[in-house]
file protein-v9.txt (compact mmCIF, C-alpha atoms)
# COMPACT_ATOMS: atom_id res chain seq x y z
CA MET Y 1 112.72 108.78 99.88
CA THR Y 2 112.54 107.57 103.48
CA LEU Y 3 113.29 104.00 104.55
CA THR Y 4 109.61 103.43 105.39
CA VAL Y 5 108.48 104.45 101.91
CA PHE Y 6 111.31 102.45 100.33
CA LEU Y 7 110.36 99.25 102.17
CA ALA Y 8 106.64 99.77 101.51
CA VAL Y 9 107.25 100.00 97.76
CA LEU Y 10 109.49 96.92 97.77
CA LEU Y 11 106.78 94.95 99.59
CA ALA Y 12 104.26 96.14 96.98
CA ALA Y 13 106.64 94.96 94.24
CA ILE Y 14 106.84 91.45 95.71
CA ILE Y 15 103.05 91.20 96.02
CA HIS Y 16 102.55 92.58 92.50
CA ALA Y 17 104.92 90.07 90.90
CA SER Y 18 103.19 87.25 92.78
CA TRP Y 19 99.65 88.01 91.64
CA ASN Y 20 100.80 88.53 88.05
CA ALA Y 21 102.49 85.12 88.10
CA LEU Y 22 99.23 83.67 89.40
CA VAL Y 23 97.38 85.13 86.40
CA LYS Y 24 100.03 83.88 83.97
CA SER Y 25 99.87 80.36 85.42
CA THR Y 26 96.16 79.98 84.61
CA SER Y 27 94.84 78.47 81.39
CA ASP Y 28 92.44 81.34 80.60
CA LYS Y 29 94.06 84.74 81.10
CA VAL Y 30 90.82 86.70 80.57
CA VAL Y 31 89.05 84.67 83.26
CA ALA Y 32 91.98 85.20 85.62
CA MET Y 33 92.21 88.95 84.99
CA THR Y 34 88.44 89.28 85.43
CA ALA Y 35 88.68 87.40 88.72
CA VAL Y 36 91.52 89.61 89.99
CA THR Y 37 89.72 92.83 89.04
CA ILE Y 38 86.41 91.80 90.60
CA GLY Y 39 88.40 90.61 93.61
CA HIS Y 40 89.43 94.21 94.22
CA ALA Y 41 85.92 95.20 95.26
CA PRO Y 42 85.49 93.46 98.66
CA LEU Y 43 88.48 95.18 100.28
CA GLY Y 44 87.46 98.49 98.75
CA LEU Y 45 83.93 98.13 100.11
CA LEU Y 46 85.24 97.16 103.55
CA ALA Y 47 87.49 100.22 103.66
CA MET Y 48 84.90 102.78 102.54
CA PRO Y 49 83.14 103.31 105.92
CA PHE Y 50 86.46 104.03 107.64
CA VAL Y 51 88.10 106.46 105.21
CA PRO Y 52 87.16 109.92 103.90
CA PHE Y 53 85.17 110.31 100.72
CA PRO Y 54 87.54 111.62 98.00
CA ALA Y 55 87.51 115.40 97.67
CA PRO Y 56 85.71 116.76 94.55
CA GLU Y 57 89.07 117.93 93.19
CA SER Y 58 90.04 114.28 92.72
CA TRP Y 59 86.93 113.08 90.88
CA LYS Y 60 88.16 113.83 87.36
CA TRP Y 61 91.39 111.94 88.09
CA LEU Y 62 89.36 109.06 89.48
CA ALA Y 63 87.24 108.81 86.32
CA LEU Y 64 90.26 108.94 84.01
CA SER Y 65 92.05 106.37 86.14
CA VAL Y 66 89.17 103.89 85.90
CA PHE Y 67 89.49 104.07 82.11
CA ALA Y 68 93.28 103.62 82.23
CA HIS Y 69 93.08 100.67 84.66
CA THR Y 70 90.44 98.94 82.54
CA ALA Y 71 92.54 99.32 79.40
CA TYR Y 72 95.62 98.07 81.27
CA GLN Y 73 93.82 94.96 82.49
CA LEU Y 74 92.61 94.09 78.99
CA THR Y 75 95.98 94.59 77.32
CA LEU Y 76 97.84 92.72 80.08
CA ALA Y 77 95.59 89.68 79.63
CA LEU Y 78 96.29 89.81 75.88
CA ALA Y 79 100.05 90.10 76.42
CA TYR Y 80 100.08 87.09 78.75
CA ARG Y 81 98.25 85.06 76.11
CA LEU Y 82 100.96 85.93 73.57
CA GLY Y 83 104.26 85.71 75.46
CA ASP Y 84 106.33 84.36 78.35
CA PHE Y 85 105.89 85.85 81.81
CA THR Y 86 109.61 86.73 82.02
CA GLN Y 87 109.34 88.56 78.68
CA VAL Y 88 105.98 90.33 78.89
CA TYR Y 89 106.21 91.44 82.51
CA PRO Y 90 109.59 93.23 82.16
CA ILE Y 91 108.53 95.13 79.04
CA ALA Y 92 105.19 96.22 80.48
CA ARG Y 93 106.64 97.30 83.80
CA GLY Y 94 109.93 98.62 82.45
CA SER Y 95 108.49 101.01 79.90
CA ALA Y 96 106.30 102.77 82.47
CA PRO Y 97 109.03 104.51 84.56
CA VAL Y 98 110.62 105.96 81.44
CA ILE Y 99 107.31 107.44 80.27
CA ILE Y 100 106.45 108.71 83.74
CA THR Y 101 109.82 110.35 84.28
CA ILE Y 102 109.65 112.16 80.93
CA VAL Y 103 106.09 113.41 81.54
CA SER Y 104 106.72 114.36 85.19
CA VAL Y 105 109.86 116.35 84.47
CA ALA Y 106 108.62 117.92 81.22
CA PHE Y 107 105.07 118.82 82.21
CA LEU Y 108 104.50 118.43 85.97
CA GLY Y 109 107.44 120.41 87.30
CA VAL Y 110 109.09 117.48 89.09
CA THR Y 111 112.82 117.84 89.69
CA LEU Y 112 115.20 114.96 90.33
CA LEU Y 113 118.83 114.73 91.38
CA PRO Y 114 121.37 113.46 88.83
CA VAL Y 115 121.94 110.35 90.96
CA GLU Y 116 118.20 109.65 90.89
CA TYR Y 117 118.19 109.87 87.08
CA ALA Y 118 121.12 107.43 87.06
CA ALA Y 119 119.27 105.05 89.38
CA ILE Y 120 116.14 105.10 87.21
CA GLY Y 121 118.34 104.51 84.16
CA LEU Y 122 119.95 101.45 85.73
CA ILE Y 123 116.62 99.98 86.77
CA CYS Y 124 115.17 100.50 83.29
CA ALA Y 125 118.33 99.15 81.59
CA GLY Y 126 118.11 95.97 83.64
CA ILE Y 127 114.43 95.56 82.91
CA PHE Y 128 114.83 96.10 79.18
CA CYS Y 129 117.76 93.67 79.04
CA LEU Y 130 115.36 91.10 80.44
CA ALA Y 131 112.79 92.07 77.85
CA LEU Y 132 115.17 91.60 74.91
CA LEU Y 133 115.96 88.01 75.80
CA ARG Y 134 114.42 85.23 73.76
CA GLN Y 135 111.47 83.20 75.01
CA THR Y 136 111.83 79.68 76.36
CA ASN Y 137 111.18 78.35 72.84
CA GLY Y 138 114.20 80.31 71.55
CA LEU Y 139 112.14 82.70 69.42
CA ARG Y 140 111.37 86.39 69.60
CA ASN Y 141 107.74 87.44 69.79
CA PRO Y 142 107.00 90.90 68.34
CA ASN Y 143 103.25 90.58 68.97
CA ALA Y 144 103.83 89.98 72.67
CA VAL Y 145 106.31 92.87 72.75
CA GLY Y 146 103.77 95.21 71.15
CA ALA Y 147 101.02 94.20 73.57
CA ALA Y 148 103.40 94.58 76.51
CA LEU Y 149 104.49 98.06 75.39
CA LEU Y 150 100.88 99.14 75.05
CA THR Y 151 100.29 97.79 78.55
CA GLY Y 152 103.24 99.87 79.76
CA CYS Y 153 101.64 103.02 78.31
CA PHE Y 154 98.50 102.39 80.33
CA ILE Y 155 100.57 101.63 83.46
CA ALA Y 156 102.27 105.00 83.08
CA SER Y 157 98.90 106.67 82.55
CA TYR Y 158 97.20 105.27 85.63
CA SER Y 159 100.30 105.82 87.77
CA LEU Y 160 100.34 109.53 86.98
CA LEU Y 161 96.56 109.81 87.32
CA ASP Y 162 96.45 107.97 90.65
CA GLY Y 163 99.40 109.83 92.13
CA THR Y 164 97.82 113.15 91.19
CA GLY Y 165 94.34 112.02 92.24
CA ALA Y 166 95.47 110.72 95.64
CA ARG Y 167 97.12 114.05 96.38
CA ALA Y 168 93.98 115.91 95.29
CA ALA Y 169 91.80 113.62 97.43
CA GLY Y 170 93.31 114.90 100.67
CA THR Y 171 96.51 115.26 102.64
CA THR Y 172 96.27 112.23 104.93
CA THR Y 173 97.03 108.54 104.50
CA ALA Y 174 93.33 107.80 105.02
CA SER Y 175 92.49 110.10 102.10
CA ALA Y 176 94.83 108.13 99.82
CA VAL Y 177 93.25 104.85 100.95
CA GLY Y 178 89.80 106.33 100.32
CA PHE Y 179 90.79 107.26 96.78
CA VAL Y 180 92.04 103.72 96.12
CA ALA Y 181 88.93 102.17 97.70
CA TRP Y 182 86.60 104.04 95.36
CA LEU Y 183 88.89 103.37 92.41
CA THR Y 184 88.94 99.61 93.01
CA VAL Y 185 85.18 99.31 93.45
CA ILE Y 186 84.30 101.39 90.38
CA ASN Y 187 86.98 99.68 88.28
CA ALA Y 188 85.68 96.24 89.32
CA ALA Y 189 82.12 97.18 88.36
CA VAL Y 190 83.11 98.69 85.00
CA PHE Y 191 85.35 95.74 84.11
CA ALA Y 192 82.69 93.18 85.09
CA ILE Y 193 80.07 94.93 82.94
CA LEU Y 194 82.47 95.16 80.00
CA ILE Y 195 83.49 91.49 80.17
CA GLY Y 196 79.84 90.51 80.60
CA ILE Y 197 79.13 92.22 77.29
CA ILE Y 198 82.10 90.98 75.25
CA ASN Y 199 82.87 87.62 76.91
CA ARG Y 200 80.12 86.38 79.22
CA PRO Y 201 81.70 82.92 79.75
CA ALA Y 202 84.79 84.60 81.18
CA LEU Y 203 82.64 86.53 83.66
CA ARG Y 204 80.97 83.30 84.80
CA GLY Y 205 84.34 81.58 84.95
CA ALA Y 206 85.71 84.23 87.30
CA PHE Y 207 83.23 83.02 89.96
CA THR Y 208 83.88 79.31 89.38
CA GLU Y 209 87.38 78.20 88.34
CA GLY Y 210 88.67 81.70 89.04
CA ARG Y 211 87.65 81.85 92.69
CA LYS Y 212 91.17 81.19 94.02
CA VAL Y 213 92.62 83.89 91.76
CA MET Y 214 89.83 86.26 92.82
CA LEU Y 215 90.62 85.78 96.50
CA LEU Y 216 94.42 85.78 96.39
CA GLY Y 217 95.08 87.94 93.34
CA GLY Y 218 92.34 90.46 94.03
CA SER Y 219 93.24 91.11 97.65
CA GLY Y 220 96.98 91.06 96.92
CA SER Y 221 96.60 93.52 94.07
CA VAL Y 222 94.65 95.97 96.22
CA MET Y 223 97.08 95.78 99.14
CA ALA Y 224 100.06 96.33 96.85
CA TYR Y 225 98.45 99.29 95.16
CA VAL Y 226 97.40 100.95 98.41
CA LEU Y 227 101.07 100.87 99.42
CA VAL Y 228 102.15 102.37 96.10
CA VAL Y 229 99.54 105.16 96.02
CA TRP Y 230 100.37 106.08 99.61
CA ALA Y 231 104.06 106.18 98.67
CA MET Y 232 103.23 108.52 95.78
CA THR Y 233 101.89 111.00 98.33
CA GLN Y 234 105.17 110.82 100.26
CA ALA Y 235 107.80 110.83 97.49
CA PRO Y 236 108.13 111.93 93.83
CA ILE Y 237 105.98 109.78 91.54
CA PRO Y 238 108.87 108.91 89.13
CA LEU Y 239 110.97 107.54 92.02
CA VAL Y 240 108.11 105.46 93.41
CA THR Y 241 107.20 103.99 90.03
CA ALA Y 242 110.82 103.20 89.17
CA LEU Y 243 111.30 101.40 92.49
CA ARG Y 244 107.99 99.58 92.12
CA GLU Y 245 109.16 98.10 88.83
CA THR Y 246 111.75 96.11 90.71
CA SER Y 247 108.87 93.66 90.88
CA THR Y 248 110.53 92.41 87.67
CA ILE Y 249 113.43 91.10 89.76
CA PHE Y 250 111.04 89.12 91.93
CA ALA Y 251 109.13 88.01 88.82
CA LEU Y 252 112.34 86.56 87.41
CA PHE Y 253 112.77 84.21 90.34
CA ILE Y 254 109.05 83.39 90.52
CA GLY Y 255 109.12 82.53 86.81
CA MET Y 256 112.19 80.36 87.31
CA LEU Y 257 111.00 78.54 90.42
CA PHE Y 258 107.27 78.16 89.80
CA LEU Y 259 106.69 78.64 86.06
CA LYS Y 260 109.85 76.72 85.05
CA GLU Y 261 111.06 79.39 82.61
CA GLY Y 262 114.74 78.96 83.49
CA LEU Y 263 117.58 81.24 84.66
CA THR Y 264 120.22 82.29 82.12
CA ALA Y 265 123.36 84.43 82.32
CA GLY Y 266 121.49 87.21 80.49
CA LYS Y 267 118.67 87.21 83.02
CA LEU Y 268 121.14 87.22 85.89
CA PHE Y 269 123.08 90.16 84.42
CA ALA Y 270 119.88 92.14 83.87
CA THR Y 271 118.77 91.44 87.42
CA ILE Y 272 122.07 92.70 88.83
CA LEU Y 273 121.69 95.92 86.79
CA ALA Y 274 118.20 96.53 88.13
CA ALA Y 275 119.22 95.69 91.71
CA SER Y 276 122.11 98.15 91.45
CA GLY Y 277 119.62 100.83 90.45
CA VAL Y 278 117.48 100.03 93.48
CA LEU Y 279 120.44 100.41 95.84
CA LEU Y 280 121.50 103.64 94.15
CA LEU Y 281 117.96 105.02 94.37
CA ARG Y 282 117.81 104.35 98.10
CA PHE Y 283 121.35 105.28 99.19
CA GLY Y 284 122.72 107.42 96.33
CA PRO Y 285 121.20 110.78 97.39
CA SER Y 286 122.81 110.55 100.84
CA ILE Y 287 126.20 109.43 99.46
CA PHE Y 288 126.47 111.70 96.44

call {"tool": "encode", "arguments": {"input": "protein-v9.txt", "output": "structure tokens"}}
result
Amino acid sequence: MTLTVFLAVLLAAIIHASWNALVKSTSDKVVAMTAVTIGHAPLGLLAMPFVPFPAPESWKWLALSVFAHTAYQLTLALAYRLGDFTQVYPIARGSAPVIITIVSVAFLGVTLLPVEYAAIGLICAGIFCLALLRQTNGLRNPNAVGAALLTGCFIASYSLLDGTGARAAGTTTASAVGFVAWLTVINAAVFAILIGIINRPALRGAFTEGRKVMLLGGSGSVMAYVLVVWAMTQAPIPLVTALRETSTIFALFIGMLFLKEGLTAGKLFATILAASGVLLLRFGPSIF
């Protein structure tokens, strides 16, 4: 993984943690998630005239990805209704690299160095240590854990689908951006229609009290994901997804500073574990 790809994924992680904290901080998580998802569309529409149309080989991956993203957005909103940000976010994000690594190595022919396996293991260990901590009320929350794990399954699904689809869409950076542009616009339309059917007040709310979230969260989410999908065309998908989940480290400090969820010795230890994995992922292959 080159330094450019490494830094791009870290920037995406910071942006991702920030928009998720914005959703968590709102009173109605469905309204906020609807606003973020619809907020994807403007940037996608703006990009479309300047990027290639995705190659036909990528269309099936695009369709499957829209389904996976929609399911992810619904389950994430549910998880945020049930649990703390610093509990739900680590579980959802931390489970995805494990699933992706297993699938990529077992079925997609991806090969990794032993040091890269060790780095992924450290990152995941740190994230899951965060996940096992109690909530701010001192209690465990199995319902939130279950919803977060289900969210992680959909994260793994769309990561694999998008990485494969972006590569099938073409060989250039513009092709990857074109794939994401069409994905965001179609996903926004599908999600808006679905919410309009099952929760029409939430759809209306996305355009009223959710306007700030739509602008900031929607644009931030798209920019972060463009960086990640581009990185997936430049480096192995398991490495990119593992590094992206360092957003949990940034989420820890955002939760402490802005959501007042507190910093404990356990959270600090878990963060050091994950940060060690990040450093090993970047510098380990050249050292070992």

call {"tool": "residues_around", "arguments": {"input": "protein-v9.txt", "residues": "Tyr158 of chain Y", "least_positions_apart": "3", "cutoff": "9 Å", "atoms": "all atoms listed in the file", "output": "number ranges by chain"}}
result
Y: 64-69, 72, 153-155, 161-163

call {"tool": "atom_distance", "arguments": {"input": "protein-v9.txt", "atom1": "atom CA of Gly205 of chain Y", "atom2": "atom CA of Val31 of chain Y"}}
result
5.9 Å

call {"tool": "atom_distance", "arguments": {"input": "protein-v9.txt", "atom1": "atom CA of Lys24 of chain Y", "atom2": "atom CA of Gly178 of chain Y"}}
result
29.6 Å

call {"tool": "residues_around", "arguments": {"input": "protein-v9.txt", "residues": "Met1 of chain Y", "least_positions_apart": "3", "cutoff": "9 Å", "atoms": "all atoms listed in the file", "output": "PDB file with C-alpha atoms, in the frame of the given file"}}
result
ATOM      1  CA  THR Y   4     109.610 103.430 105.390  1.00  0.00           C
ATOM      2  CA  VAL Y   5     108.480 104.450 101.910  1.00  0.00           C
ATOM      3  CA  PHE Y   6     111.310 102.450 100.330  1.00  0.00           C
ATOM      4  CA  GLN Y 234     105.170 110.820 100.260  1.00  0.00           C
ATOM      5  CA  ALA Y 235     107.800 110.830  97.490  1.00  0.00           C
ATOM      6  CA  PRO Y 236     108.130 111.930  93.830  1.00  0.00           C
ATOM      7  CA  LEU Y 239     110.970 107.540  92.020  1.00  0.00           C
ATOM      8  CA  VAL Y 240     108.110 105.460  93.410  1.00  0.00           C
ATOM      9  CA  LEU Y 281     117.960 105.020  94.370  1.00  0.00           C
ATOM     10  CA  ARG Y 282     117.810 104.350  98.100  1.00  0.00           C
TER      11      ARG Y 282
END

call {"tool": "residues_around", "arguments": {"input": "protein-v9.txt", "residues": "Ile123 of chain Y", "least_positions_apart": "3", "cutoff": "6 Å", "atoms": "all atoms listed in the file", "output": "JSON list (two decimals) with C-alpha atoms, in the frame of the given file"}}
result
[["chain", "number", "residue", "atom", "x", "y", "z"],
["Y", 120, "ILE", "CA", 116.14, 105.10, 87.21],
["Y", 126, "GLY", "CA", 118.11, 95.97, 83.64],
["Y", 274, "ALA", "CA", 118.20, 96.53, 88.13],
["Y", 277, "GLY", "CA", 119.62, 100.83, 90.45]]

call {"tool": "atom_distance", "arguments": {"input": "protein-v9.txt", "atom1": "atom CA of Gly109 of chain Y", "atom2": "atom CA of Leu160 of chain Y"}}
result
13.0 Å

call {"tool": "closest_residue", "arguments": {"input": "protein-v9.txt", "among": "Y:Val23, Y:Leu279, Y:Ala169, Y:Leu252", "to": "Gln87 of chain Y", "atoms": "all atoms listed in the file"}}
result
Y:Leu252

call {"tool": "closest_residue", "arguments": {"input": "protein-v9.txt", "among": "Y:Ile91, Y:Ala166, Y:Val228, Y:Ala156", "to": "Ala125 of chain Y", "atoms": "only C-alpha atoms"}}
result
Y:Ile91

call {"tool": "closest_residue", "arguments": {"input": "protein-v9.txt", "among": "Y:Val98, Y:Val190, Y:Ala92, Y:Leu3", "to": "Ala119 of chain Y", "atoms": "all atoms listed in the file"}}
result
Y:Val98

call {"tool": "closest_atom_pairs", "arguments": {"input": "protein-v9.txt", "of": "segment 38-131 of chain Y", "to": "segment 247-250 of chain Y", "cutoff": "9 Å", "atoms": "all atoms listed in the file", "output": "Markdown table"}}
result
| residue | atom | partner | partner_atom | distance |
| --- | --- | --- | --- | --- |
| Y:Thr86 | CA | Y:Thr248 | CA | 8.1 |
| Y:Tyr89 | CA | Y:Thr248 | CA | 6.8 |
| Y:Pro90 | CA | Y:Thr248 | CA | 5.6 |
| Y:Arg93 | CA | Y:Thr248 | CA | 7.3 |
| Y:Gly94 | CA | Y:Thr248 | CA | 8.1 |
| Y:Ile127 | CA | Y:Thr248 | CA | 6.9 |
| Y:Leu130 | CA | Y:Thr248 | CA | 8.8 |

call {"tool": "axis_aligned_box", "arguments": {"input": "protein-v9.txt", "around": "segment 153-160 of chain Y", "padding_each_side": "6 Å", "output": "AutoDock Vina command-line options"}}
result
--center_x 99.7 --center_y 105.6 --center_z 83.0 --size_x 17.1 --size_y 19.9 --size_z 21.5
